[in-house]
>>> print(open('target10.csv').read())   # CSV, C-alpha atoms
chain,number,residue,atom,x,y,z
A,1060,MET,CA,0.0,0.0,0.0
A,1061,ALA,CA,1.4,3.4,-1.0
A,1062,ALA,CA,2.1,5.9,1.8
A,1063,PRO,CA,-0.1,9.0,1.5
A,1064,GLU,CA,1.5,12.2,0.5
A,1065,LEU,CA,0.9,13.7,3.9
A,1066,ALA,CA,3.7,11.4,5.2
A,1067,GLU,CA,5.9,14.3,4.0
A,1068,PRO,CA,5.9,16.8,6.9
A,1069,GLU,CA,5.9,19.8,4.6
A,1070,ALA,CA,2.4,18.9,3.3
A,1071,ILE,CA,1.0,20.5,6.4
A,1072,ASP,CA,3.0,23.7,7.1
A,1073,PHE,CA,2.1,26.9,8.9
A,1074,SER,CA,5.5,28.4,8.9
A,1075,ARG,CA,5.0,30.6,5.9
A,1076,ALA,CA,2.0,32.3,7.7
A,1077,GLY,CA,4.4,33.6,10.3
A,1078,VAL,CA,2.3,32.3,13.2
A,1079,VAL,CA,2.9,29.6,15.7
A,1080,VAL,CA,0.1,27.1,15.7
A,1081,ARG,CA,-0.4,24.8,18.7
A,1082,ASP,CA,1.1,21.3,18.4
A,1083,ASP,CA,-2.3,19.7,19.0
A,1084,ILE,CA,-3.8,21.6,16.0
A,1085,PHE,CA,-0.8,20.5,13.9
A,1086,ALA,CA,-1.3,16.9,15.0
A,1087,ALA,CA,-5.0,17.0,14.4
A,1088,HIS,CA,-4.5,18.3,10.9
A,1089,ARG,CA,-2.0,15.5,10.1
A,1090,ALA,CA,-4.4,12.9,11.5
A,1091,ALA,CA,-7.3,14.4,9.4
A,1092,TRP,CA,-5.2,14.3,6.2
A,1093,GLN,CA,-4.1,10.8,6.9
A,1094,SER,CA,-7.8,9.8,7.3
A,1095,LEU,CA,-8.8,11.7,4.2
A,1096,ALA,CA,-6.2,9.8,2.2
A,1097,SER,CA,-7.3,6.4,3.4
A,1098,PRO,CA,-10.1,4.3,2.1
A,1099,GLY,CA,-13.3,5.0,4.1
A,1100,VAL,CA,-16.2,2.9,5.1
A,1101,TRP,CA,-18.2,3.6,1.9
A,1102,TRP,CA,-15.9,5.7,-0.3
A,1103,THR,CA,-12.5,4.9,-1.8
A,1104,SER,CA,-9.5,7.0,-1.0
A,1105,GLU,CA,-9.7,8.6,-4.5
A,1106,GLU,CA,-13.4,9.4,-3.9
A,1107,ARG,CA,-12.8,10.9,-0.5
A,1108,ILE,CA,-10.1,13.2,-1.9
A,1109,ALA,CA,-12.4,14.1,-4.8
A,1110,ILE,CA,-15.1,15.0,-2.3
A,1111,ALA,CA,-12.7,17.2,-0.4
A,1112,ALA,CA,-11.5,18.9,-3.6
A,1113,GLU,CA,-15.2,19.4,-4.6
A,1114,ALA,CA,-15.8,21.1,-1.2
A,1115,ARG,CA,-13.1,23.6,-2.0
A,1116,THR,CA,-14.6,24.7,-5.2
A,1117,ALA,CA,-18.3,24.7,-4.2
A,1118,SER,CA,-18.1,28.2,-2.8
A,1119,SER,CA,-17.4,29.6,-6.3
A,1120,CYS,CA,-20.2,27.6,-8.0
A,1121,ALA,CA,-22.6,29.8,-10.0
A,1122,LEU,CA,-25.6,27.6,-9.4
A,1123,CYS,CA,-25.0,27.6,-5.6
A,1124,ARG,CA,-24.7,31.4,-5.7
A,1125,GLU,CA,-28.1,31.7,-7.4
A,1126,ALA,CA,-29.7,29.1,-5.1
A,1127,LYS,CA,-28.4,30.8,-2.0
A,1128,GLN,CA,-30.2,34.1,-3.0
A,1129,ALA,CA,-33.5,32.3,-3.9
A,1130,LEU,CA,-36.4,32.0,-1.6
A,1131,SER,CA,-36.4,28.3,-2.0
A,1132,PRO,CA,-32.9,26.8,-2.6
A,1133,PHE,CA,-34.5,23.9,-4.5
A,1134,SER,CA,-36.3,26.0,-7.1
A,1135,PHE,CA,-33.3,25.8,-9.4
A,1136,SER,CA,-32.3,23.2,-11.8
A,1137,GLY,CA,-29.0,23.1,-13.6
A,1138,ARG,CA,-25.5,21.8,-13.1
A,1139,HIS,CA,-23.1,22.6,-10.4
A,1140,ASP,CA,-19.6,23.8,-11.5
A,1141,SER,CA,-17.7,20.6,-11.1
A,1142,GLU,CA,-14.9,18.9,-12.9
A,1143,ARG,CA,-14.6,15.8,-10.8
A,1144,ASP,CA,-15.6,12.2,-11.4
A,1145,LEU,CA,-18.2,11.9,-8.7
A,1146,PRO,CA,-21.8,10.8,-8.9
A,1147,ALA,CA,-24.1,13.8,-9.5
A,1148,ALA,CA,-25.9,13.2,-6.2
A,1149,ALA,CA,-22.6,13.4,-4.4
A,1150,VAL,CA,-21.7,16.7,-6.1
A,1151,GLU,CA,-25.1,18.0,-5.2
A,1152,ALA,CA,-24.7,17.0,-1.6
A,1153,VAL,CA,-21.2,18.5,-1.3
A,1154,HIS,CA,-22.2,21.8,-2.8
A,1155,ARG,CA,-25.4,22.3,-0.7
A,1156,ILE,CA,-23.6,21.3,2.5
A,1157,VAL,CA,-20.9,23.9,1.8
A,1158,THR,CA,-23.0,26.8,0.6
A,1159,ASP,CA,-26.5,26.6,2.1
A,1160,PRO,CA,-26.5,24.1,5.0
A,1161,SER,CA,-29.2,25.6,7.1
A,1162,ARG,CA,-31.9,25.0,4.4
A,1163,LEU,CA,-31.3,21.3,3.9
A,1164,THR,CA,-34.4,19.1,4.3
A,1165,ARG,CA,-35.3,15.6,4.9
A,1166,SER,CA,-36.9,15.3,1.4
A,1167,TRP,CA,-33.7,16.5,-0.2
A,1168,VAL,CA,-31.7,13.8,1.6
A,1169,GLU,CA,-34.4,11.3,0.5
A,1170,GLN,CA,-34.0,12.4,-3.1
A,1171,LEU,CA,-30.2,11.9,-2.8
A,1172,ALA,CA,-30.9,8.4,-1.7
A,1173,ALA,CA,-33.3,7.9,-4.6
A,1174,ASP,CA,-30.5,9.1,-6.9
A,1175,GLY,CA,-28.2,6.4,-5.5
A,1176,LEU,CA,-26.5,8.0,-2.5
A,1177,SER,CA,-27.0,5.6,0.4
A,1178,ASP,CA,-27.2,6.9,3.9
A,1179,GLY,CA,-23.8,5.5,4.7
A,1180,HIS,CA,-22.3,7.3,1.7
A,1181,TYR,CA,-24.1,10.5,2.6
A,1182,VAL,CA,-22.9,10.5,6.3
A,1183,GLU,CA,-19.3,9.8,5.3
A,1184,LEU,CA,-19.5,12.5,2.7
A,1185,VAL,CA,-20.7,15.0,5.3
A,1186,GLY,CA,-17.8,13.9,7.5
A,1187,VAL,CA,-15.2,14.5,4.8
A,1188,VAL,CA,-16.7,17.9,3.8
A,1189,VAL,CA,-16.9,19.3,7.3
A,1190,THR,CA,-13.4,18.2,8.3
A,1191,LEU,CA,-12.0,19.9,5.2
A,1192,LEU,CA,-14.0,23.1,5.8
A,1193,SER,CA,-13.0,23.2,9.5
A,1194,ILE,CA,-9.3,22.9,8.6
A,1195,ASP,CA,-9.5,25.3,5.6
A,1196,ARG,CA,-11.2,28.0,7.7
A,1197,LEU,CA,-8.4,27.9,10.3
A,1198,CYS,CA,-5.8,28.2,7.5
A,1199,GLN,CA,-7.6,31.2,6.0
A,1200,GLY,CA,-8.0,32.7,9.4
A,1201,VAL,CA,-4.3,32.6,10.3
A,1202,GLY,CA,-3.2,33.5,6.8
A,1203,ALA,CA,-1.7,30.2,5.9
A,1204,GLU,CA,-1.9,28.5,2.5
A,1205,LEU,CA,-4.6,25.7,2.4
A,1206,HIS,CA,-2.9,22.3,3.0
A,1207,PRO,CA,-2.4,20.5,-0.4
A,1208,LEU,CA,-4.7,17.6,-0.6
A,1209,PRO,CA,-3.0,14.2,0.0
A,1210,GLY,CA,-2.5,11.6,-2.7
A,1211,PRO,CA,-4.7,8.4,-2.7
A,1212,VAL,CA,-3.9,5.2,-0.9
A,1213,ALA,CA,-4.9,1.8,-2.3
A,1214,GLY,CA,-7.5,-0.3,-0.6
A,1215,GLU,CA,-11.2,-0.9,-0.5
A,1216,PRO,CA,-13.9,0.7,1.7
A,1217,SER,CA,-14.8,-1.6,4.6
A,1218,ARG,CA,-18.6,-1.3,4.0
A,1219,ILE,CA,-19.3,-2.1,7.6
A,1220,ARG,CA,-22.6,-0.8,9.0
A,1221,PRO,CA,-22.5,-0.7,12.8
A,1222,ASP,CA,-25.0,-2.4,15.1
A,1223,GLY,CA,-27.0,-0.4,17.5
A,1224,LEU,CA,-28.4,2.3,15.2
A,1225,GLU,CA,-31.5,4.1,16.2
A,1226,ASP,CA,-33.8,6.8,14.7
A,1227,VAL,CA,-33.9,10.0,16.7
A,1228,GLY,CA,-35.9,11.9,14.1
A,1229,ALA,CA,-32.8,13.0,12.2
A,1230,PHE,CA,-32.3,12.5,8.4
A,1231,THR,CA,-30.1,9.5,9.0
A,1232,PRO,CA,-29.9,6.9,11.8
A,1233,MET,CA,-27.2,7.1,14.5
A,1234,LEU,CA,-25.8,4.9,17.2
A,1235,SER,CA,-27.5,4.8,20.6
A,1236,THR,CA,-25.5,6.1,23.5
A,1237,ARG,CA,-24.8,2.6,24.7
A,1238,ALA,CA,-23.8,1.3,21.2
A,1239,GLY,CA,-21.4,4.2,20.7
A,1240,LYS,CA,-19.9,3.7,24.1
A,1241,LYS,CA,-19.3,0.0,23.3
A,1242,LEU,CA,-17.4,1.0,20.2
A,1243,GLY,CA,-15.3,3.5,22.2
A,1244,LEU,CA,-16.7,6.5,20.4
A,1245,TRP,CA,-17.6,8.4,23.5
A,1246,ASN,CA,-17.7,7.9,27.2
A,1247,LEU,CA,-20.6,10.1,28.2
A,1248,PRO,CA,-23.7,9.2,30.3
A,1249,VAL,CA,-25.8,10.6,27.5
A,1250,ALA,CA,-24.2,11.5,24.2
A,1251,PRO,CA,-25.7,14.6,22.6
A,1252,ASN,CA,-27.1,14.3,19.1
A,1253,VAL,CA,-24.3,16.4,17.6
A,1254,ILE,CA,-21.7,14.0,18.8
A,1255,ARG,CA,-23.7,11.0,17.6
A,1256,ALA,CA,-24.8,12.5,14.3
A,1257,LEU,CA,-22.1,10.9,12.1
A,1258,SER,CA,-22.0,7.6,14.0
A,1259,LEU,CA,-23.5,5.6,11.2
A,1260,VAL,CA,-19.8,5.9,10.0
A,1261,PRO,CA,-17.9,5.5,13.3
A,1262,PRO,CA,-14.5,6.7,12.0
A,1263,GLU,CA,-16.1,10.1,11.3
A,1264,VAL,CA,-17.0,10.5,15.0
A,1265,GLU,CA,-13.4,9.7,15.9
A,1266,MET,CA,-12.2,12.4,13.4
A,1267,LEU,CA,-14.7,14.8,15.0
A,1268,HIS,CA,-13.2,14.2,18.4
A,1269,THR,CA,-9.6,14.6,17.0
A,1270,VAL,CA,-10.3,17.9,15.2
A,1271,ALA,CA,-12.8,19.5,17.6
A,1272,GLY,CA,-10.6,18.6,20.6
A,1273,ALA,CA,-7.8,20.7,19.1
A,1274,HIS,CA,-9.9,23.5,17.4
A,1275,TYR,CA,-12.3,24.0,20.2
A,1276,LEU,CA,-12.1,21.8,23.4
A,1277,PRO,CA,-11.9,18.1,24.1
A,1278,VAL,CA,-15.5,16.8,24.6
A,1279,GLU,CA,-15.0,16.1,28.3
A,1280,GLN,CA,-14.1,19.7,28.8
A,1281,VAL,CA,-17.1,21.3,27.0
A,1282,SER,CA,-19.3,21.1,30.1
A,1283,GLN,CA,-16.7,22.6,32.3
A,1284,ILE,CA,-18.3,26.0,32.1
A,1285,GLY,CA,-15.9,29.0,32.3
A,1286,ARG,CA,-12.8,26.9,31.7
A,1287,ALA,CA,-10.6,26.6,28.6
A,1288,PRO,CA,-7.4,24.9,29.7
A,1289,GLY,CA,-4.4,25.4,27.3
A,1290,ARG,CA,-6.1,28.1,25.3
A,1291,ALA,CA,-4.9,31.7,24.9
A,1292,LEU,CA,-8.6,32.9,24.7
A,1293,ASP,CA,-10.7,32.6,27.8
A,1294,ARG,CA,-13.9,30.6,27.7
A,1295,ALA,CA,-16.2,33.6,27.2
A,1296,GLN,CA,-14.2,34.7,24.2
A,1297,ILE,CA,-14.3,31.2,22.7
A,1298,GLU,CA,-18.0,31.0,23.2
A,1299,LEU,CA,-18.6,34.4,21.7
A,1300,VAL,CA,-16.8,33.3,18.5
A,1301,ALA,CA,-18.7,30.0,18.5
A,1302,ALA,CA,-22.1,31.7,18.9
A,1303,ARG,CA,-21.4,34.2,16.2
A,1304,VAL,CA,-20.4,31.6,13.7
A,1305,SER,CA,-23.5,29.6,14.5
A,1306,SER,CA,-25.6,32.8,14.0
A,1307,LEU,CA,-24.0,33.6,10.7
A,1308,ASN,CA,-24.6,30.0,9.6
A,1309,GLU,CA,-28.2,30.3,10.7
A,1310,CYS,CA,-27.8,27.1,12.7
A,1311,PHE,CA,-30.5,26.5,15.3
A,1312,TYR,CA,-28.9,23.6,17.0
B,375,MET,CA,-26.0,29.2,26.6
B,376,LEU,CA,-22.3,28.4,27.1
B,377,LEU,CA,-21.5,32.1,26.3
B,378,ARG,CA,-23.8,33.4,28.9
B,379,ALA,CA,-22.8,30.8,31.5
B,380,SER,CA,-19.1,31.3,30.8
B,381,GLY,CA,-19.4,35.0,31.1
B,382,GLU,CA,-21.3,34.8,34.3
B,383,THR,CA,-18.8,32.3,35.7
B,384,MET,CA,-16.1,34.7,35.0
B,385,GLY,CA,-18.0,37.7,36.4
B,386,ASP,CA,-18.7,39.2,33.0
B,387,THR,CA,-22.1,40.0,31.5
B,388,PRO,CA,-21.8,39.2,27.8
B,389,ASP,CA,-24.1,41.2,25.6
B,390,LEU,CA,-26.0,38.5,23.7
B,391,ARG,CA,-27.0,41.0,21.0
B,392,ALA,CA,-23.5,40.5,19.6
B,393,VAL,CA,-24.5,37.0,18.5
B,394,ASN,CA,-26.9,38.4,16.0
B,395,GLU,CA,-25.5,41.9,15.4
B,396,GLY,CA,-21.7,41.2,15.4
B,397,ALA,CA,-19.1,43.8,16.2
B,398,ALA,CA,-21.8,46.5,16.6
B,399,ALA,CA,-22.7,45.1,20.0
B,400,ALA,CA,-19.6,43.4,21.3
B,401,GLY,CA,-19.7,44.5,24.9
B,402,GLY,CA,-19.0,42.4,27.9
B,403,VAL,CA,-16.3,40.2,26.6
B,404,ALA,CA,-12.6,41.3,26.4
B,405,GLY,CA,-11.5,41.8,22.8
B,406,GLY,CA,-15.1,41.2,21.7
B,407,ARG,CA,-15.2,43.7,18.9
B,408,ALA,CA,-12.0,42.4,17.3
B,409,LEU,CA,-13.1,38.8,17.7
B,410,LEU,CA,-16.4,39.4,16.0
B,411,THR,CA,-14.9,41.5,13.2
B,412,PHE,CA,-12.4,38.7,12.5
B,413,THR,CA,-15.2,36.0,12.7
B,414,ASP,CA,-17.4,37.8,10.2
B,415,ALA,CA,-14.5,38.3,7.8
B,416,VAL,CA,-13.4,34.6,7.9
B,417,ILE,CA,-17.0,33.3,7.5
B,418,ALA,CA,-17.4,35.7,4.5
B,419,GLN,CA,-14.1,34.5,3.1
B,420,ASP,CA,-13.2,38.1,2.4
B,421,ALA,CA,-9.4,38.0,2.1
B,422,PRO,CA,-8.7,41.8,2.5
B,423,ALA,CA,-11.1,42.0,5.5
B,424,ILE,CA,-9.5,38.9,7.1
B,425,GLN,CA,-6.1,40.5,6.8
B,426,SER,CA,-7.0,43.7,8.5
B,427,ALA,CA,-9.2,42.0,11.1
B,428,ARG,CA,-6.4,39.6,11.9
B,429,ALA,CA,-4.0,42.4,12.6
B,430,GLU,CA,-6.6,44.1,14.8
B,431,LEU,CA,-7.2,40.8,16.6
B,432,VAL,CA,-3.5,40.1,17.3
B,433,ARG,CA,-3.3,43.6,18.9
B,434,ALA,CA,-6.4,42.8,21.0
B,435,VAL,CA,-5.7,39.2,22.2
B,436,GLY,CA,-2.2,38.3,20.9
B,437,ALA,CA,-1.1,36.0,18.1
B,438,ALA,CA,-2.0,32.8,20.1
B,439,GLY,CA,-5.4,34.2,20.8
B,440,MET,CA,-5.9,34.9,17.1
B,441,VAL,CA,-5.0,31.3,16.2
B,442,ASP,CA,-7.5,30.1,18.9
B,443,ALA,CA,-10.2,32.2,17.3
B,444,ALA,CA,-9.5,30.9,13.8
B,445,ALA,CA,-9.6,27.3,15.2
B,446,VAL,CA,-12.9,27.9,16.9
B,447,ILE,CA,-14.4,29.4,13.7
B,448,GLY,CA,-13.3,26.3,11.8
B,449,ASN,CA,-14.8,24.1,14.5
B,450,PHE,CA,-18.2,25.7,14.3
B,451,GLU,CA,-18.2,25.7,10.6
B,452,ARG,CA,-17.9,22.0,11.1
B,453,MET,CA,-20.4,21.5,13.9
B,454,ASN,CA,-23.1,23.7,12.3
B,455,ARG,CA,-23.0,21.7,9.1
B,456,ILE,CA,-23.0,18.4,10.9
B,457,ALA,CA,-26.2,19.4,12.7
B,458,ASP,CA,-27.9,20.8,9.6
B,459,ALA,CA,-26.8,18.1,7.1
B,460,ILE,CA,-27.9,15.3,9.4
B,461,GLY,CA,-31.0,17.3,10.5
B,462,ILE,CA,-30.6,16.5,14.2
B,463,PRO,CA,-33.2,17.7,16.6
B,464,MET,CA,-32.0,19.6,19.7
B,465,ASP,CA,-31.6,17.2,22.6
B,466,GLY,CA,-34.4,17.4,25.2
B,467,PRO,CA,-32.5,18.8,28.1
B,468,THR,CA,-30.6,21.3,25.9
B,469,ALA,CA,-33.8,22.5,24.4
B,470,ALA,CA,-35.1,23.2,27.9
B,471,VAL,CA,-32.1,25.0,29.3
B,472,THR,CA,-31.5,27.1,26.1
B,473,LEU,CA,-35.1,28.1,25.7
B,474,SER,CA,-34.7,31.6,27.1
B,475,ILE,CA,-31.7,32.2,24.8
B,476,GLN,CA,-33.6,30.8,21.8
B,477,GLU,CA,-36.3,33.3,22.5
B,478,GLU,CA,-34.1,36.2,23.3
B,479,LEU,CA,-32.1,35.8,20.1
B,480,GLY,CA,-35.1,34.7,17.9
B,481,LEU,CA,-33.4,31.5,16.8
B,482,ARG,CA,-36.7,30.0,15.6
B,483,ARG,CA,-36.4,32.2,12.5
B,484,PHE,CA,-33.7,29.9,11.2
B,485,ALA,CA,-34.9,27.3,8.7
B,486,SER,CA,-33.0,24.6,10.5
B,487,ALA,CA,-35.2,25.2,13.6
B,488,SER,CA,-37.7,23.0,11.8
B,489,HIS,CA,-35.6,19.9,12.7
B,490,SER,CA,-36.5,20.5,16.4
B,491,PRO,CA,-40.0,20.4,17.7
B,492,ASP,CA,-41.4,23.4,19.7
B,493,ALA,CA,-40.6,23.2,23.5
B,494,THR,CA,-43.0,21.2,25.6
B,495,ARG,CA,-44.7,22.7,28.7
B,496,LEU,CA,-42.2,20.8,30.9
B,497,GLN,CA,-39.3,22.1,28.9
B,498,ARG,CA,-40.6,25.6,29.3
B,499,LEU,CA,-40.9,25.1,33.0
B,500,VAL,CA,-37.4,23.7,33.3
B,501,GLY,CA,-36.1,26.5,31.1
B,502,ARG,CA,-37.6,29.2,33.5
B,503,PHE,CA,-35.9,27.6,36.5
B,504,THR,CA,-32.7,27.2,34.7
B,505,ARG,CA,-32.6,30.9,33.7
B,506,VAL,CA,-33.0,31.8,37.4
B,507,LEU,CA,-30.5,29.2,38.7
B,508,LEU,CA,-27.9,29.4,36.0
B,509,PRO,CA,-25.8,32.3,37.5
B,510,LEU,CA,-25.6,30.4,40.8
B,511,VAL,CA,-24.8,27.1,39.2
B,512,SER,CA,-22.1,28.7,37.0
B,513,ARG,CA,-20.5,30.3,40.1
B,514,LEU,CA,-20.5,27.0,42.0
B,515,MET,CA,-19.0,25.2,39.1
B,516,ALA,CA,-16.3,27.8,38.8
B,517,GLN,CA,-15.4,27.5,42.5
B,518,ARG,CA,-15.3,23.7,42.1
B,519,HIS,CA,-12.8,23.9,39.3
>>> encode(input="target10.csv", output="structure tokens")
Amino acid sequence: MAAPELAEPEAIDFSRAGVVVRDDIFAAHRAAWQSLASPGVWWTSEERIAIAAEARTASSCALCREAKQALSPFSFSGRHDSERDLPAAAVEAVHRIVTDPSRLTRSWVEQLAADGLSDGHYVELVGVVVTLLSIDRLCQGVGAELHPLPGPVAGEPSRIRPDGLEDVGAFTPMLSTRAGKKLGLWNLPVAPNVIRALSLVPPEVEMLHTVAGAHYLPVEQVSQIGRAPGRALDRAQIELVAARVSSLNECFY
Amino acid sequence: MLLRASGETMGDTPDLRAVNEGAAAAGGVAGGRALLTFTDAVIAQDAPAIQSARAELVRAVGAAGMVDAAAVIGNFERMNRIADAIGIPMDGPTAAVTLSIQEELGLRRFASASHSPDATRLQRLVGRFTRVLLPLVSRLMAQRH
């Protein structure tokens, strides 16, 4: 199996931005790139990298720009600006998640399924897109170049659907608190929905912990109100930024 | 909820209007105006605005604080999209304790609010108690840590 390009330390590099980035952030980005380059549960390595590349170009898509301005985002037909070899339903999913996430609906996800995107493929795609966006926004914020995408790694998706899924009224099923605990995905008395959301594809929950633990706070510290150990910002400053992002993204949750 | 609770724990009174209005109402948190200006610029992906906001933020909270802010922005770009793309409903207890803030900030205006049912009578009751008790609980938690 070929080593992914990220094995080269210079693939992830903040030095040209002239800022010092915490070691845990650097390590989280390397882990994320390693995961991105590896075969997933439902997508191959090449497909995962193509999804990430698509996420980077979605914000300049003309169709998405028009849809974002429209009263109903689904009143448009047409083609997204895309040059990658991904199924049309995957391209549609990537673009909408990047450019207009607050207006996604159950019927839209059901249409993706009817167009051939299984719930497992969809959840993994969400995981890849949001990891990429999270890391890219940090790079843009600190003034660093976006990390070059890694090269693919040979191998097949595992296609393992975990046991213990339940319907909590979301668009896709997720693991029960108990089932996720058993898999070592969390160690919480009650896991909140946002932690469980991607658990149909367990490695995406692990990646969420890795990146969120460095970018925000480790999950076990989130409920320690008023505290932000190891951070230069205090907790109120962190929460002010978090709340403002959520408001700009029109996220109710 | 975490903004208000964190502020109260630390003896501040964050101006929650900043959540909706941005830098125009950034009182109550140290460096708030610079943090919000930076946040808005990064979310808008406006490169020149990011550059000037970054310089202002470094002056306000230092370079390490600026990196923290960029990381938090990235994190919530992620968490918001997870919530909305999976269409998760708000968890019952969270729905109760955040009710007053949802109402204060008018969060039901967001399309994604349709993923979560309206609060039940019990959640409203719990929410009212929580609003009263939160400052006390926050101070107790701060002492404990």
>>> closest_atom_pairs(input="target10.csv", of="chain B", to="chain A", cutoff="6 Å", atoms="only C-alpha atoms", output="CSV")
residue,atom,partner,partner_atom,distance
B:Leu377,CA,A:Glu1298,CA,4.8
B:Ser380,CA,A:Gly1285,CA,4.2
B:Gly381,CA,A:Ala1295,CA,5.2
B:Thr383,CA,A:Gly1285,CA,5.6
B:Val393,CA,A:Arg1303,CA,4.8
B:Val416,CA,A:Gly1200,CA,5.9
B:Ala438,CA,A:Ala1291,CA,5.7
B:Gly439,CA,A:Ala1291,CA,4.8
B:Ala444,CA,A:Leu1197,CA,4.7
B:Ala445,CA,A:His1274,CA,4.4
B:Val446,CA,A:Tyr1275,CA,5.1
B:Gly448,CA,A:Ser1193,CA,3.9
B:Asn449,CA,A:Ser1193,CA,5.4
B:Glu451,CA,A:Ser1193,CA,5.9
B:Arg452,CA,A:Val1189,CA,4.8
B:Asn454,CA,A:Cys1310,CA,5.8
B:Arg455,CA,A:Pro1160,CA,5.9
B:Asp458,CA,A:Ser1161,CA,5.6
B:Ile460,CA,A:Phe1230,CA,5.3
B:Gly461,CA,A:Ala1229,CA,5.0
B:Ile462,CA,A:Ala1229,CA,4.6
B:Met464,CA,A:Tyr1312,CA,5.7
B:Leu481,CA,A:Phe1311,CA,6.0
B:Phe484,CA,A:Glu1309,CA,5.5
B:Ala485,CA,A:Arg1162,CA,5.7
B:Ser486,CA,A:Ser1161,CA,5.2
B:Ala487,CA,A:Phe1311,CA,5.2
>>> closest_residue(input="target10.csv", among="B:Leu390, B:Met440, B:Ala379, B:Ala427", to="Gly402 of chain B", atoms="only C-alpha atoms")
B:Leu390
>>> closest_residue(input="target10.csv", among="A:His1154, A:His1180, A:Arg1115, A:Arg1107", to="Lys1127 of chain A", atoms="all atoms listed in the file")
A:His1154
>>> closest_residue(input="target10.csv", among="B:Ala418, B:Asp389, B:Asn394, B:Ala459", to="Gly406 of chain B", atoms="all atoms listed in the file")
B:Asp389
>>> closest_residue(input="target10.csv", among="B:Ala400, B:Ala421, B:Leu473, B:Leu479", to="Arg495 of chain B", atoms="all atoms listed in the file")
B:Leu473
>>> residues_near_point(input="target10.csv", point="(-18.8, 2.8, -0.2)", cutoff="7 Å", atoms="all atoms listed in the file", output="list in words")
Val1100, Trp1101, Trp1102, Thr1103, His1180, Pro1216 and Arg1218 of chain A
>>> atom_distance(input="target10.csv", atom1="atom CA of Ala423 of chain B", atom2="atom CA of Arg1075 of chain A")
19.7 Å
>>> atom_distance(input="target10.csv", atom1="atom CA of Leu496 of chain B", atom2="atom CA of Ser1235 of chain A")
24.0 Å
>>> atom_distance(input="target10.csv", atom1="atom CA of Pro1098 of chain A", atom2="atom CA of Gly1214 of chain A")
5.9 Å
>>> residues_around(input="target10.csv", residues="Gly1137 of chain A", least_positions_apart="6", cutoff="12 Å", atoms="only C-alpha atoms", output="PDB file with C-alpha atoms, in the frame of the given file")
ATOM      1  CA  CYS A1120     -20.200  27.600  -8.000  1.00  0.00           C
ATOM      2  CA  ALA A1121     -22.600  29.800 -10.000  1.00  0.00           C
ATOM      3  CA  LEU A1122     -25.600  27.600  -9.400  1.00  0.00           C
ATOM      4  CA  CYS A1123     -25.000  27.600  -5.600  1.00  0.00           C
ATOM      5  CA  GLU A1125     -28.100  31.700  -7.400  1.00  0.00           C
ATOM      6  CA  ALA A1126     -29.700  29.100  -5.100  1.00  0.00           C
ATOM      7  CA  ALA A1147     -24.100  13.800  -9.500  1.00  0.00           C
ATOM      8  CA  GLU A1151     -25.100  18.000  -5.200  1.00  0.00           C
TER       9      GLU A1151
END
>>> residues_around(input="target10.csv", residues="Gly1243 of chain A", least_positions_apart="5", cutoff="10 Å", atoms="only C-alpha atoms", output="list in words")
Arg1237, Ala1238, Pro1261 and Glu1265 of chain A
